[in-house]
file upload_22.txt (compact mmCIF, C-alpha atoms)
# COMPACT_ATOMS: atom_id res chain seq x y z
CA MET A 24 0.00 0.00 0.00
CA ARG A 25 2.76 2.39 0.92
CA SER A 26 4.61 1.70 -2.34
CA ALA A 27 1.45 2.52 -4.32
CA VAL A 28 1.04 5.82 -2.49
CA VAL A 29 4.60 6.98 -3.11
CA HIS A 30 4.75 5.71 -6.69
CA SER A 31 5.22 8.52 -9.23
CA HIS A 32 2.44 7.25 -11.50
CA THR A 33 -0.06 7.50 -8.63
CA TRP A 34 0.67 11.17 -8.17
CA ILE A 35 0.51 11.77 -11.91
CA PHE A 36 -3.04 10.40 -11.95
CA VAL A 37 -3.91 12.45 -8.85
CA VAL A 38 -2.66 15.65 -10.46
CA LEU A 39 -4.36 14.92 -13.77
CA GLY A 40 -7.61 14.01 -12.02
CA SER A 41 -7.50 17.24 -10.01
CA LEU A 42 -6.88 19.26 -13.16
CA ILE A 43 -9.81 17.59 -14.91
CA ILE A 44 -12.11 18.31 -11.96
CA CYS A 45 -11.01 21.95 -11.82
CA ALA A 46 -11.38 22.32 -15.59
CA THR A 47 -14.87 20.80 -15.46
CA ILE A 48 -15.97 23.23 -12.73
CA PHE A 49 -14.49 26.15 -14.68
CA LEU A 50 -16.01 25.15 -18.02
CA SER A 51 -19.42 24.61 -16.43
CA GLN A 52 -19.65 28.38 -16.01
CA PHE A 53 -19.47 28.89 -19.79
CA LEU A 54 -20.55 25.65 -21.48
CA SER A 55 -23.49 23.30 -21.25
CA TRP A 56 -23.04 19.97 -19.50
CA GLY A 57 -23.45 18.21 -22.83
CA ALA A 58 -20.46 20.09 -24.26
CA ILE A 59 -18.45 19.38 -21.10
CA VAL A 60 -19.20 15.66 -21.37
CA ILE A 61 -18.00 15.67 -24.99
CA LEU A 62 -14.78 17.50 -24.14
CA LEU A 63 -14.21 15.35 -21.04
CA GLY A 64 -14.81 12.17 -23.05
CA ALA A 65 -12.32 13.34 -25.67
CA ALA A 66 -9.73 14.05 -22.94
CA ILE A 67 -10.25 10.59 -21.43
CA CYS A 68 -9.87 8.94 -24.85
CA VAL A 69 -6.61 10.82 -25.41
CA GLY A 70 -5.40 9.67 -21.99
CA LEU A 71 -6.26 6.04 -22.79
CA ALA A 72 -4.52 6.31 -26.14
CA ILE A 73 -1.39 7.69 -24.49
CA ALA A 74 -1.43 4.76 -22.06
CA LYS A 75 -1.76 2.31 -24.97
CA PRO A 76 -1.10 4.11 -28.29
CA GLN A 77 -2.32 1.21 -30.42
CA ARG A 78 -5.87 2.07 -29.38
CA ALA A 79 -5.62 5.22 -31.50
CA VAL A 80 -4.76 3.09 -34.53
CA TYR A 81 -7.68 0.73 -33.89
CA ALA A 82 -10.11 3.66 -33.61
CA LEU A 83 -8.69 5.23 -36.76
CA ALA A 84 -9.04 1.96 -38.66
CA PHE A 85 -12.60 1.39 -37.41
CA PHE A 86 -13.86 4.81 -38.50
CA ALA A 87 -11.89 4.90 -41.77
CA PRO A 88 -14.75 3.42 -43.87
CA MET A 89 -17.21 5.92 -42.33
CA SER A 90 -16.04 8.98 -44.26
CA GLY A 91 -19.64 10.18 -44.51
CA LEU A 92 -20.03 10.40 -40.72
CA VAL A 93 -19.55 14.13 -40.12
CA ILE A 94 -19.43 16.16 -36.89
CA ASP A 95 -20.60 19.77 -36.98
CA PHE A 96 -19.74 21.52 -33.71
CA SER A 97 -21.50 24.70 -34.84
CA ARG A 98 -24.84 22.98 -34.22
CA ASN A 99 -24.11 22.90 -30.48
CA GLU A 100 -24.73 26.31 -28.96
CA SER A 101 -22.02 25.90 -26.33
CA LEU A 102 -19.34 24.34 -28.53
CA ALA A 103 -19.99 26.94 -31.23
CA ARG A 104 -18.61 29.60 -28.85
CA VAL A 105 -15.33 27.75 -28.29
CA PRO A 106 -12.53 29.25 -30.43
CA TYR A 107 -11.45 27.05 -33.36
CA ILE A 108 -13.61 24.13 -32.17
CA GLY A 109 -16.87 25.94 -32.89
CA VAL A 110 -16.20 26.14 -36.63
CA VAL A 111 -15.25 22.48 -37.04
CA HIS A 112 -17.30 20.65 -39.66
CA ALA A 113 -15.40 17.53 -40.68
CA PRO A 114 -15.65 13.74 -40.92
CA VAL A 115 -15.09 11.89 -37.65
CA VAL A 116 -12.19 9.96 -39.14
CA ASP A 117 -10.40 13.22 -40.02
CA LEU A 118 -10.78 14.43 -36.43
CA LEU A 119 -9.42 11.10 -35.20
CA ALA A 120 -6.45 11.45 -37.54
CA VAL A 121 -5.68 14.88 -36.09
CA ALA A 122 -6.10 13.46 -32.57
CA ALA A 123 -3.68 10.64 -33.44
CA LEU A 124 -1.09 13.21 -34.54
CA VAL A 125 -1.60 15.10 -31.26
CA ILE A 126 -1.09 11.85 -29.36
CA ILE A 127 2.12 11.19 -31.30
CA GLY A 128 3.33 14.68 -30.39
CA LEU A 129 2.62 14.05 -26.71
CA LEU A 130 4.32 10.65 -26.86
CA ILE A 131 7.42 12.27 -28.35
CA LEU A 132 7.63 14.37 -25.18
CA ILE A 133 6.77 11.77 -22.54
CA ARG A 134 7.21 8.28 -24.06
CA PRO A 135 9.46 8.48 -27.14
CA ASP A 136 10.44 4.83 -26.72
CA THR A 137 6.95 3.75 -27.85
CA LEU A 138 7.34 5.31 -31.31
CA HIS A 139 8.99 4.19 -34.54
CA LEU A 140 9.68 7.65 -35.93
CA GLY A 141 12.35 6.46 -38.33
CA ALA A 142 9.92 4.12 -40.08
CA SER A 143 7.77 7.03 -41.31
CA THR A 144 10.68 8.42 -43.38
CA LYS A 145 11.98 5.14 -44.78
CA PHE A 146 10.77 5.86 -48.34
CA TRP A 147 11.05 9.65 -48.21
CA GLN A 148 12.86 9.82 -51.57
CA VAL A 149 9.95 8.21 -53.42
CA LEU A 150 7.40 10.32 -51.56
CA LEU A 151 9.35 13.50 -52.23
CA LEU A 152 9.52 12.70 -55.94
CA PHE A 153 5.79 12.01 -56.04
CA TYR A 154 4.87 15.19 -54.15
CA CYS A 155 7.17 17.26 -56.37
CA ALA A 156 5.38 15.93 -59.45
CA VAL A 157 1.98 16.79 -57.95
CA ALA A 158 3.21 20.24 -56.87
CA ILE A 159 4.46 20.96 -60.40
CA SER A 160 1.08 19.99 -61.85
CA VAL A 161 -0.61 22.38 -59.42
CA ALA A 162 1.82 25.20 -60.21
CA LEU A 163 1.33 24.77 -63.98
CA GLY A 164 -2.45 24.59 -63.75
CA ASP A 165 -4.93 27.34 -64.52
CA THR A 166 -4.57 30.15 -61.97
CA LEU A 167 -8.35 30.47 -61.87
CA PHE A 168 -8.54 27.13 -60.07
CA PHE A 169 -5.32 27.47 -58.06
CA GLY A 170 -7.12 27.46 -54.69
CA THR A 171 -9.10 24.34 -55.58
CA MET A 172 -6.00 22.56 -56.89
CA LEU A 173 -4.01 23.50 -53.80
CA LYS A 174 -6.76 22.12 -51.58
CA SER A 175 -6.91 18.94 -53.66
CA PHE A 176 -3.15 18.58 -53.24
CA ALA A 177 -3.21 19.12 -49.47
CA ARG A 178 -6.19 16.93 -48.55
CA PRO A 179 -5.92 13.74 -50.61
CA TYR A 180 -2.12 13.57 -50.79
CA ILE A 181 -0.47 15.35 -47.84
CA PHE A 182 -3.12 14.78 -45.16
CA SER A 183 -3.89 11.23 -46.27
CA TYR A 184 -0.29 10.21 -45.66
CA VAL A 185 0.44 12.31 -42.58
CA GLY A 186 -2.93 11.74 -40.91
CA PHE A 187 -3.56 8.07 -41.74
CA ALA A 188 -0.35 6.34 -42.81
CA VAL A 189 2.06 7.95 -40.32
CA PRO A 190 0.09 6.97 -37.16
CA ILE A 191 -0.02 3.34 -38.30
CA ILE A 192 3.66 3.27 -39.22
CA VAL A 193 4.76 5.03 -36.03
CA LEU A 194 2.44 3.42 -33.45
CA VAL A 195 2.05 -0.18 -34.61
CA ARG A 196 4.80 -2.33 -33.16
CA SER A 197 3.91 -5.88 -34.24
CA ARG A 198 2.11 -7.92 -36.87
CA VAL A 199 -0.58 -8.79 -34.31
CA GLU A 200 -1.43 -5.13 -33.76
CA LEU A 201 -1.56 -4.52 -37.51
CA THR A 202 -3.88 -7.51 -37.91
CA ARG A 203 -6.16 -6.14 -35.19
CA ALA A 204 -6.30 -2.78 -36.96
CA MET A 205 -7.22 -4.51 -40.22
CA CYS A 206 -9.91 -6.52 -38.41
CA ALA A 207 -11.32 -3.28 -36.96
CA TYR A 208 -11.47 -1.83 -40.48
CA GLU A 209 -13.19 -4.90 -41.91
CA CYS A 210 -15.68 -5.02 -39.01
CA ALA A 211 -16.63 -1.40 -39.66
CA ALA A 212 -16.98 -2.07 -43.39
CA LEU A 213 -19.17 -5.12 -42.67
CA LEU A 214 -21.28 -3.11 -40.23
CA GLY A 215 -21.77 -0.39 -42.84
CA ALA A 216 -22.78 -2.98 -45.45
CA LEU A 217 -25.30 -4.55 -43.06
CA MET A 218 -26.77 -1.14 -42.20
CA GLY A 219 -27.10 -0.35 -45.90
CA ALA A 220 -28.78 -3.67 -46.59
CA VAL A 221 -31.22 -3.22 -43.70
CA SER A 222 -32.09 0.31 -44.83
CA ASP A 223 -32.77 -0.94 -48.37
CA VAL A 224 -35.08 -3.66 -47.04
CA CYS A 225 -36.90 -1.38 -44.60
CA ALA A 226 -37.18 1.66 -46.88
CA PRO A 227 -40.36 0.49 -48.72
CA PHE A 228 -42.11 -0.23 -45.42
CA SER A 229 -41.21 3.13 -43.91
CA HIS A 230 -42.90 4.95 -46.81
CA GLY A 231 -45.98 2.78 -46.70
CA SER A 232 -47.33 0.47 -49.35
CA PRO A 233 -48.03 1.99 -52.82

call {"tool": "encode", "arguments": {"input": "upload_22.txt", "output": "structure tokens"}}
result
Amino acid sequence: MRSAVVHSHTWIFVVLGSLIICATIFLSQFLSWGAIVILLGAAICVGLAIAKPQRAVYALAFFAPMSGLVIDFSRNESLARVPYIGVVHAPVVDLLAVAALVIIGLLILIRPDTLHLGASTKFWQVLLLFYCAVAISVALGDTLFFGTMLKSFARPYIFSYVGFAVPIIVLVRSRVELTRAMCAYECAALLGALMGAVSDVCAPFSHGSP
């Protein structure tokens, strides 16, 4: 018992718990309890992912097929007032990708031994050549559509690699963990297919008989 009390990890959890309680009391003066629950849940998920980083990869893989599932924080009156967060209107998987990058940044500071940073730059020559070719095509395109082309370059090419490939390369440490991530992806795809099939079967009944 005494060793548990004096252990450094125990005091880390005590300090973090106290900060979360204080932050909840403070935010309750400005935000609704629904918004606080969302923010608190996000903070807990980040904490769990830091404790076991592979969880972030599993969540990213599970929501990857659900690109149509979008979160619009502007619909919540409380969250809409939060700077930067209030204007977010993006797919859930994109938000998870950003969260995974934040987790990697935190792990670099507190647990760098859990990361494979060198693996993400193993084929940097090929990637650099590919991105240079895409950048040249954007630069030589019609200036009227330069903004659209720049966005198309940043989202499908840059963000797809940095937000989705890098977390898997950096956080996955074994073939078993990679297999679990693939299983999570396939389970989500199967769930989406079943939901689509059920909606097709039930759609005629929901509109009534002709």

call {"tool": "closest_residue", "arguments": {"input": "upload_22.txt", "among": "A:Cys225, A:Leu62, A:Ala72, A:Val193", "to": "Asp136 (chain A)", "atoms": "all atoms listed in the file"}}
result
A:Val193

call {"tool": "residues_around", "arguments": {"input": "upload_22.txt", "residues": "region 79-95 of chain A", "least_positions_apart": "3", "cutoff": "8 Å", "atoms": "all atoms listed in the file", "output": "list in words"}}
result
Ala72, Pro76, Arg98, Val110, Val111, His112, Ala113, Pro114, Val115, Val116, Leu119, Ala120, Ala123, Phe187, Pro190, Ile191, Leu194, Val195, Arg203, Ala204, Met205, Ala207, Tyr208, Glu209, Cys210, Ala211, Ala212 and Gly215 of chain A

call {"tool": "atom_distance", "arguments": {"input": "upload_22.txt", "atom1": "CA of Leu71 (chain A)", "atom2": "CA of Gly186 (chain A)"}}
result
19.3 Å

call {"tool": "atom_distance", "arguments": {"input": "upload_22.txt", "atom1": "CA of Leu163 (chain A)", "atom2": "CA of Leu150 (chain A)"}}
result
20.0 Å

call {"tool": "residues_around", "arguments": {"input": "upload_22.txt", "residues": "Tyr154 (chain A)", "least_positions_apart": "4", "cutoff": "10 Å", "atoms": "all atoms listed in the file", "output": "list in words"}}
result
Gln148, Val149, Leu150, Ala158, Ile159, Ser160, Phe176, Tyr180 and Ile181 of chain A

call {"tool": "atom_distance", "arguments": {"input": "upload_22.txt", "atom1": "CA of Ile67 (chain A)", "atom2": "CA of Asp117 (chain A)"}}
result
18.8 Å

call {"tool": "residues_near_point", "arguments": {"input": "upload_22.txt", "point": "(-5.4, 11.6, -23.8)", "cutoff": "12 Å", "atoms": "all atoms listed in the file", "output": "PDB file with C-alpha atoms, in the coordinates of the input"}}
result
ATOM      1  CA  LEU A  39      -4.360  14.920 -13.770  1.00  0.00           C
ATOM      2  CA  ILE A  43      -9.810  17.590 -14.910  1.00  0.00           C
ATOM      3  CA  LEU A  62     -14.780  17.500 -24.140  1.00  0.00           C
ATOM      4  CA  LEU A  63     -14.210  15.350 -21.040  1.00  0.00           C
ATOM      5  CA  GLY A  64     -14.810  12.170 -23.050  1.00  0.00           C
ATOM      6  CA  ALA A  65     -12.320  13.340 -25.670  1.00  0.00           C
ATOM      7  CA  ALA A  66      -9.730  14.050 -22.940  1.00  0.00           C
ATOM      8  CA  ILE A  67     -10.250  10.590 -21.430  1.00  0.00           C
ATOM      9  CA  CYS A  68      -9.870   8.940 -24.850  1.00  0.00           C
ATOM     10  CA  VAL A  69      -6.610  10.820 -25.410  1.00  0.00           C
ATOM     11  CA  GLY A  70      -5.400   9.670 -21.990  1.00  0.00           C
ATOM     12  CA  LEU A  71      -6.260   6.040 -22.790  1.00  0.00           C
ATOM     13  CA  ALA A  72      -4.520   6.310 -26.140  1.00  0.00           C
ATOM     14  CA  ILE A  73      -1.390   7.690 -24.490  1.00  0.00           C
ATOM     15  CA  ALA A  74      -1.430   4.760 -22.060  1.00  0.00           C
ATOM     16  CA  LYS A  75      -1.760   2.310 -24.970  1.00  0.00           C
ATOM     17  CA  PRO A  76      -1.100   4.110 -28.290  1.00  0.00           C
ATOM     18  CA  ARG A  78      -5.870   2.070 -29.380  1.00  0.00           C
ATOM     19  CA  ALA A  79      -5.620   5.220 -31.500  1.00  0.00           C
ATOM     20  CA  ALA A 122      -6.100  13.460 -32.570  1.00  0.00           C
ATOM     21  CA  ALA A 123      -3.680  10.640 -33.440  1.00  0.00           C
ATOM     22  CA  LEU A 124      -1.090  13.210 -34.540  1.00  0.00           C
ATOM     23  CA  VAL A 125      -1.600  15.100 -31.260  1.00  0.00           C
ATOM     24  CA  ILE A 126      -1.090  11.850 -29.360  1.00  0.00           C
ATOM     25  CA  ILE A 127       2.120  11.190 -31.300  1.00  0.00           C
ATOM     26  CA  GLY A 128       3.330  14.680 -30.390  1.00  0.00           C
ATOM     27  CA  LEU A 129       2.620  14.050 -26.710  1.00  0.00           C
ATOM     28  CA  LEU A 130       4.320  10.650 -26.860  1.00  0.00           C
TER      29      LEU A 130
END

call {"tool": "closest_residue", "arguments": {"input": "upload_22.txt", "among": "A:Val199, A:Val157, A:Leu132, A:Val60", "to": "Gln77 (chain A)", "atoms": "all atoms listed in the file"}}
result
A:Val199

call {"tool": "closest_residue", "arguments": {"input": "upload_22.txt", "among": "A:Ala220, A:Val161, A:Gly170, A:Tyr184", "to": "Thr144 (chain A)", "atoms": "all atoms listed in the file"}}
result
A:Tyr184

call {"tool": "closest_residue", "arguments": {"input": "upload_22.txt", "among": "A:Ala156, A:Ile192, A:Leu118, A:Ala177", "to": "Leu140 (chain A)", "atoms": "all atoms listed in the file"}}
result
A:Ile192
